[in-house]
Amino acid sequence: METAADLSLIDPMAPVPFMVLQRREETHDTFTLSLEPPEPFHFRPGQFNMLYPFGIGESAISISGDPAAPRRLVHTIRRVGNVTAALDRLRPGDVVGVRGPFGNPWPLDEARGGDLVFVAGGIGLAPLRPAIAWAVAHRDDYRRVVVLIGARTPADIVFVEQVQEWRGQFDLEVGVTVDAADQAWRGSVGVVTMLISGADFEPSETLAMVCGPEIMMRFTAGELVKRGMTTDRIHVSVERNMKCGIGFCGHCQFGPYFVCRDGPVFRYDQVEHLLTVKEM
Ligand SMILES: Cc1cc2nc3c(=O)[nH]c(=O)nc-3n(C[C@H](O)[C@H](O)[C@H](O)COP(=O)(O)OP(=O)(O)OC[C@H]3O[C@@H](n4cnc5c(N)ncnc54)[C@H](O)[C@@H]3O)c2cc1C
Ligand code: FES
């Protein structure tokens with residue numbers, strides 16, 4: 001049977017209409033849209049779609065749902081400009097154009113047999129959530145699984161119920177910290193990098209997957225290296241302005257790479273020197 005993903009491969013520039021099933025407010029500026037694909041939509045954790053609110057424009061948005069649920073395509077979006085504001089106006093029953101899935105995934109196959117460390121900053125948890133769901137569903141394939149989450153304030157934590165669920169699982173180590181607490185917060189205060197020194201993993205047998213603001217990813221990589229990891233064991237997801245999403249237009253150039261084609265997930269040793277540059 002032909003899937004929506006197959007249709008997109010036939011003409012990767014043609015958006016396919018998907019219906020909005022559900023819209024959920026995550027934080028004051030971030031929301032999650034669940035879409036109903038016309039056919040089962042298969043993707044690998046770390047991949048993204050181009051979402052097209054008709055008549056407005058397209059944005060690259062990571063898939064934030066469960067890869068084992070191909071009938072529900074989930075994206076978590078922060079309102080920053082025109083396209084994301086138009087996505088924010090969508091309600092159940094509305095239709096949005098989708099192209100994808102595009103990009104290289106997190107190296108979950110390569111990580112088999114070793115420890116996994118996920119480090120997320122803010123909405124950076126969105127592209128990591130499918131990978132964490134995968135690790136939970138294939139728990140026997142990995143040894144220790146550590147999830148470290150940082151947010152600016154308690155109100156900025158996304159997927160709160162899911163994070164609580166992970167915390168209740170005896171075979172996951174989950175750390176959550178905020179830069180600035182409110183009165184109700186009883187958890188850790190400080191940047192997410194400070195959770196790394198105390199986390200339980202064997203650096204020489206770990207793959208780390210990191211997503212957040214570029215400065216957070218640089219400091220996180222620095223801490224992981226201090227723990228004894230080599231930079232080829234650290235993976236980051238990079239964001240750049242996109243147009244085609246499939247390696248034609250050059251809009252997302254990142255040094256010698258196109259983020260849409262060669263990323264968005266990169267090995268840290270490939271991009272470390274590029275991350276010091278704000279935007280090219
Ligand atoms: C591979 C990939 C995955 C992404 N995943 C997500 C996601 O899961 N959720 C999400 O909310 N956003 C994600 N983004 C960022 C998202 O594509 C942009 O925020 C969005 O396109 C902005 O469009 P706009 O018209 O609303 O804002 P614009 O008016 O285009 O921009 C508003 C502001 O955001 C900045 N900006 C625009 N595009 C990007 C970008 N690609 N990267 C960094 N800054 C940008 C602009 O410089 C400007 O300051 C992802 C980007 C990439 C490349
Ligand atoms: S967005 Fe066109 S080459 Fe990457």
# chains A, B, ... in the order shown; residues from 1 in each chain; ligands from 1
$ closest_atom_pairs --of "chain A" --to "ligand 1" --cutoff "8 Å" --atoms "only C-alpha atoms and all ligand atoms" --output "tab-separated table"
residue	atom	partner	partner_atom_place_in_ligand_line	distance
A:Thr30	CA	ligand 1	11 (O)	7.2
A:Gln47	CA	ligand 1	1 (C)	7.5
A:Phe48	CA	ligand 1	1 (C)	5.7
A:Asn49	CA	ligand 1	3 (C)	7.8
A:Gly57	CA	ligand 1	25 (O)	7.2
A:Glu58	CA	ligand 1	21 (O)	6.9
A:Ser59	CA	ligand 1	21 (O)	3.8
A:Ala60	CA	ligand 1	17 (O)	4.0
A:Ile61	CA	ligand 1	5 (N)	3.6
A:Ser62	CA	ligand 1	8 (O)	3.8
A:Ile63	CA	ligand 1	8 (O)	6.4
A:Ser64	CA	ligand 1	8 (O)	6.9
A:His75	CA	ligand 1	8 (O)	6.2
A:Thr76	CA	ligand 1	9 (N)	5.3
A:Ile77	CA	ligand 1	11 (O)	3.4
A:Arg78	CA	ligand 1	11 (O)	3.7
A:Arg79	CA	ligand 1	26 (O)	6.0
A:Val80	CA	ligand 1	32 (C)	4.7
A:Gly81	CA	ligand 1	26 (O)	3.2
A:Asn82	CA	ligand 1	25 (O)	4.0
A:Val83	CA	ligand 1	25 (O)	3.7
A:Thr84	CA	ligand 1	26 (O)	3.7
A:Ala85	CA	ligand 1	26 (O)	5.9
A:Ala86	CA	ligand 1	26 (O)	7.8
A:Gly103	CA	ligand 1	1 (C)	7.4
A:Ile123	CA	ligand 1	9 (N)	6.9
A:Gly124	CA	ligand 1	8 (O)	7.5
A:Ala126	CA	ligand 1	8 (O)	5.7
A:Pro127	CA	ligand 1	8 (O)	6.0
A:Ser237	CA	ligand 1	1 (C)	7.4
A:Val238	CA	ligand 1	1 (C)	6.5
A:Glu239	CA	ligand 1	53 (C)	3.8
A:Arg240	CA	ligand 1	41 (N)	4.2
A:Asn241	CA	ligand 1	41 (N)	3.8
A:Met242	CA	ligand 1	53 (C)	5.9
A:Cys252	CA	ligand 1	53 (C)	7.6
A:Val259	CA	ligand 1	1 (C)	7.1
A:Cys260	CA	ligand 1	1 (C)	6.4
A:Gly263	CA	ligand 1	1 (C)	7.6
A:Pro264	CA	ligand 1	1 (C)	5.1
$ closest_atom_pairs --of "chain A" --to "ligand 2" --cutoff "7 Å" --atoms "only C-alpha atoms and all ligand atoms" --output "JSON lines"
{"residue": "A:Met242", "atom": "CA", "partner": "ligand 2", "partner_atom_place_in_ligand_line": "1 (S)", "distance": 3.9}
{"residue": "A:Lys243", "atom": "CA", "partner": "ligand 2", "partner_atom_place_in_ligand_line": "1 (S)", "distance": 4.3}
{"residue": "A:Cys244", "atom": "CA", "partner": "ligand 2", "partner_atom_place_in_ligand_line": "2 (Fe)", "distance": 4.0}
{"residue": "A:Gly245", "atom": "CA", "partner": "ligand 2", "partner_atom_place_in_ligand_line": "1 (S)", "distance": 4.0}
{"residue": "A:Ile246", "atom": "CA", "partner": "ligand 2", "partner_atom_place_in_ligand_line": "4 (Fe)", "distance": 5.6}
{"residue": "A:Gly247", "atom": "CA", "partner": "ligand 2", "partner_atom_place_in_ligand_line": "3 (S)", "distance": 3.4}
{"residue": "A:Phe248", "atom": "CA", "partner": "ligand 2", "partner_atom_place_in_ligand_line": "3 (S)", "distance": 4.5}
{"residue": "A:Cys249", "atom": "CA", "partner": "ligand 2", "partner_atom_place_in_ligand_line": "2 (Fe)", "distance": 3.8}
{"residue": "A:Gly250", "atom": "CA", "partner": "ligand 2", "partner_atom_place_in_ligand_line": "3 (S)", "distance": 3.8}
{"residue": "A:His251", "atom": "CA", "partner": "ligand 2", "partner_atom_place_in_ligand_line": "2 (Fe)", "distance": 4.9}
{"residue": "A:Cys252", "atom": "CA", "partner": "ligand 2", "partner_atom_place_in_ligand_line": "4 (Fe)", "distance": 4.4}
{"residue": "A:Gln253", "atom": "CA", "partner": "ligand 2", "partner_atom_place_in_ligand_line": "4 (Fe)", "distance": 6.6}
{"residue": "A:Phe258", "atom": "CA", "partner": "ligand 2", "partner_atom_place_in_ligand_line": "4 (Fe)", "distance": 5.2}
{"residue": "A:Val259", "atom": "CA", "partner": "ligand 2", "partner_atom_place_in_ligand_line": "4 (Fe)", "distance": 5.8}
{"residue": "A:Cys260", "atom": "CA", "partner": "ligand 2", "partner_atom_place_in_ligand_line": "4 (Fe)", "distance": 4.4}
{"residue": "A:Arg261", "atom": "CA", "partner": "ligand 2", "partner_atom_place_in_ligand_line": "4 (Fe)", "distance": 6.3}
$ residues_around --residues "Asp141 of chain A" --least-positions-apart "5" --cutoff "12 Å" --atoms "only C-alpha atoms" --output "list in words"
Leu108, Asp109, Glu110, Ala111, Arg112, Gly113, Gly114, Asp115, Leu116, Trp134, Ala135 and Val136 of chain A
$ select_by_dssp --residues "segment 8-235 of chain A" --states "helix (DSSP H, G or I)" --output "number ranges by chain"
A: 8-10, 82-88, 122-137, 139-141, 154-156, 160-167, 192-195, 203-205, 214-226, 231-233
$ select_by_dssp --residues "segment 24-122 of chain A" --states "strand (DSSP E or B)" --output "PyMOL selection string"
chain A and resi 24-27+30-36+48-52+59-63+73-78+95-102+104+115-121
$ decode --residues "segment 188-200 of chain A" --atoms "all heavy atoms" --output "short mmCIF file (atom, residue, chain, number, x, y, z; two decimals), in the first residue's frame"
data_model
loop_
_atom_site.label_atom_id
_atom_site.label_comp_id
_atom_site.auth_asym_id
_atom_site.auth_seq_id
_atom_site.Cartn_x
_atom_site.Cartn_y
_atom_site.Cartn_z
N SER A 188 15.49 20.51 41.24
CA SER A 188 16.84 21.06 41.10
C SER A 188 16.80 22.41 40.37
O SER A 188 15.97 22.63 39.50
CB SER A 188 17.63 20.00 40.32
OG SER A 188 18.71 20.57 39.71
N VAL A 189 17.69 23.30 40.77
CA VAL A 189 17.80 24.62 40.12
C VAL A 189 19.21 24.77 39.58
O VAL A 189 20.19 24.53 40.29
CB VAL A 189 17.49 25.76 41.12
CG1 VAL A 189 17.61 27.12 40.42
CG2 VAL A 189 16.10 25.60 41.71
N GLY A 190 19.29 25.17 38.31
CA GLY A 190 20.60 25.35 37.67
C GLY A 190 20.52 24.84 36.24
O GLY A 190 19.50 24.25 35.84
N VAL A 191 21.57 25.06 35.48
CA VAL A 191 21.54 24.66 34.07
C VAL A 191 21.66 23.14 33.93
O VAL A 191 22.20 22.47 34.83
CB VAL A 191 22.66 25.38 33.26
CG1 VAL A 191 22.34 26.86 33.12
CG2 VAL A 191 24.01 25.16 33.90
N VAL A 192 21.20 22.62 32.81
CA VAL A 192 21.10 21.17 32.64
C VAL A 192 22.49 20.50 32.67
O VAL A 192 22.62 19.34 33.10
CB VAL A 192 20.33 20.83 31.34
CG1 VAL A 192 21.09 21.21 30.09
CG2 VAL A 192 19.92 19.36 31.31
N THR A 193 23.51 21.24 32.28
CA THR A 193 24.86 20.65 32.23
C THR A 193 25.32 20.18 33.62
O THR A 193 26.12 19.26 33.73
CB THR A 193 25.88 21.66 31.68
OG1 THR A 193 25.67 22.89 32.36
CG2 THR A 193 25.69 21.87 30.19
N MET A 194 24.78 20.81 34.67
CA MET A 194 25.25 20.43 36.02
C MET A 194 24.73 19.04 36.44
O MET A 194 25.23 18.47 37.40
CB MET A 194 24.84 21.48 37.04
CG MET A 194 23.40 21.38 37.40
SD MET A 194 22.95 22.58 38.63
CE MET A 194 21.50 21.75 39.27
N LEU A 195 23.76 18.50 35.69
CA LEU A 195 23.26 17.16 36.02
C LEU A 195 24.19 16.06 35.49
O LEU A 195 24.07 14.89 35.86
CB LEU A 195 21.86 16.95 35.43
CG LEU A 195 20.75 17.89 35.91
CD1 LEU A 195 19.44 17.57 35.18
CD2 LEU A 195 20.54 17.76 37.42
N ILE A 196 25.09 16.46 34.57
CA ILE A 196 25.87 15.43 33.86
C ILE A 196 26.89 14.74 34.78
O ILE A 196 27.05 13.52 34.73
CB ILE A 196 26.56 16.06 32.63
CG1 ILE A 196 25.46 16.43 31.60
CG2 ILE A 196 27.59 15.11 32.01
CD1 ILE A 196 25.94 17.26 30.44
N SER A 197 27.52 15.52 35.67
CA SER A 197 28.60 14.91 36.47
C SER A 197 28.07 13.80 37.37
O SER A 197 28.77 12.82 37.64
CB SER A 197 29.31 15.98 37.30
OG SER A 197 28.38 16.58 38.16
N GLY A 198 26.79 13.90 37.81
CA GLY A 198 26.25 12.90 38.74
C GLY A 198 25.50 11.77 38.05
O GLY A 198 25.03 10.85 38.72
N ALA A 199 25.35 11.82 36.74
CA ALA A 199 24.54 10.80 36.06
C ALA A 199 25.31 9.49 35.95
O ALA A 199 26.54 9.49 35.83
CB ALA A 199 24.13 11.29 34.67
N ASP A 200 24.56 8.39 35.98
CA ASP A 200 25.18 7.07 36.00
C ASP A 200 25.28 6.50 34.58
O ASP A 200 24.30 6.00 34.03
CB ASP A 200 24.32 6.14 36.89
CG ASP A 200 24.94 4.76 37.00
OD1 ASP A 200 26.18 4.65 36.83
OD2 ASP A 200 24.19 3.80 37.26
#
